[in-house]
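These notes are about the structure you will find just below.
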Amino acid sequence: MGYLISETTRDEREQIVKDSLGNIDASCDGCMAGLAEMYQDYIEGKRELRDINMEFRTSYAKDDETPVRSGCGY
């Protein structure tokens with residue numbers, strides 16, 4: 001089974017998100033509700049997982065605040 005919208009049904013995409021995130025009902029600590037909502041466009045077939053994940057990661061990148069690598073470490 002693939003992960004692309006064209007390769008999955010809505011129910012399969014919802015199960016992929018549930019399996020990946022674990023407790024998406026947010027019944028334990030309330031933090032998962034926002035994370036699960038982030039993937040709603042994927043479940044609905046509007047945006048691919050890759051696009052959602054890339055947008056999430058780039059929203060935290062800042063000019064001077066990211067660590068600079070030199071060699072094998074920071």
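Residue numbers start at 1 in each chain; chains themselves are named A, B, ... in the order of the structure tokens; ligands are numbered from 1 in the order shown.
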Set the distance at 8 Å and use only C-alpha atoms: which residues neighbour Val17 in chain A once local chain neighbours fewer than 3 positions away are removed? I'd like the list as a ChimeraX atom specification. /A:13-14,20-21,36,39,43
Output file for the selection above: C-alpha atoms, as a PDB file, in the first residue's frame:
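Once everything was written out, this is out-v1.pdb:
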ATOM      1  CA  ARG A  13      -5.467   7.837   4.803  1.00  0.00           C
ATOM      2  CA  GLU A  14      -7.220   8.305   8.128  1.00  0.00           C
ATOM      3  CA  SER A  20       1.554   7.216  12.657  1.00  0.00           C
ATOM      4  CA  LEU A  21       0.487   9.528  15.473  1.00  0.00           C
ATOM      5  CA  ALA A  36      -3.975  15.463  14.114  1.00  0.00           C
ATOM      6  CA  TYR A  39      -3.083  16.197   8.685  1.00  0.00           C
ATOM      7  CA  ILE A  43      -7.140  12.711   5.048  1.00  0.00           C
TER       8      ILE A  43
END
List as a ChimeraX atom specification the protein and nucleic acid residues near Arg50 in chain A, meaning an atom at most 12 Å away when only C-alpha atoms are counted, but skip any in the same chain fewer than 2 places from it. /A:3-5,39,41-42,47-48,52-57
Shortest contact to Gly45 in chain A, candidates A:Gly22, A:Met1, A:Gln15, A:Arg10, atoms counted only C-alpha atoms, goes to A:Arg10
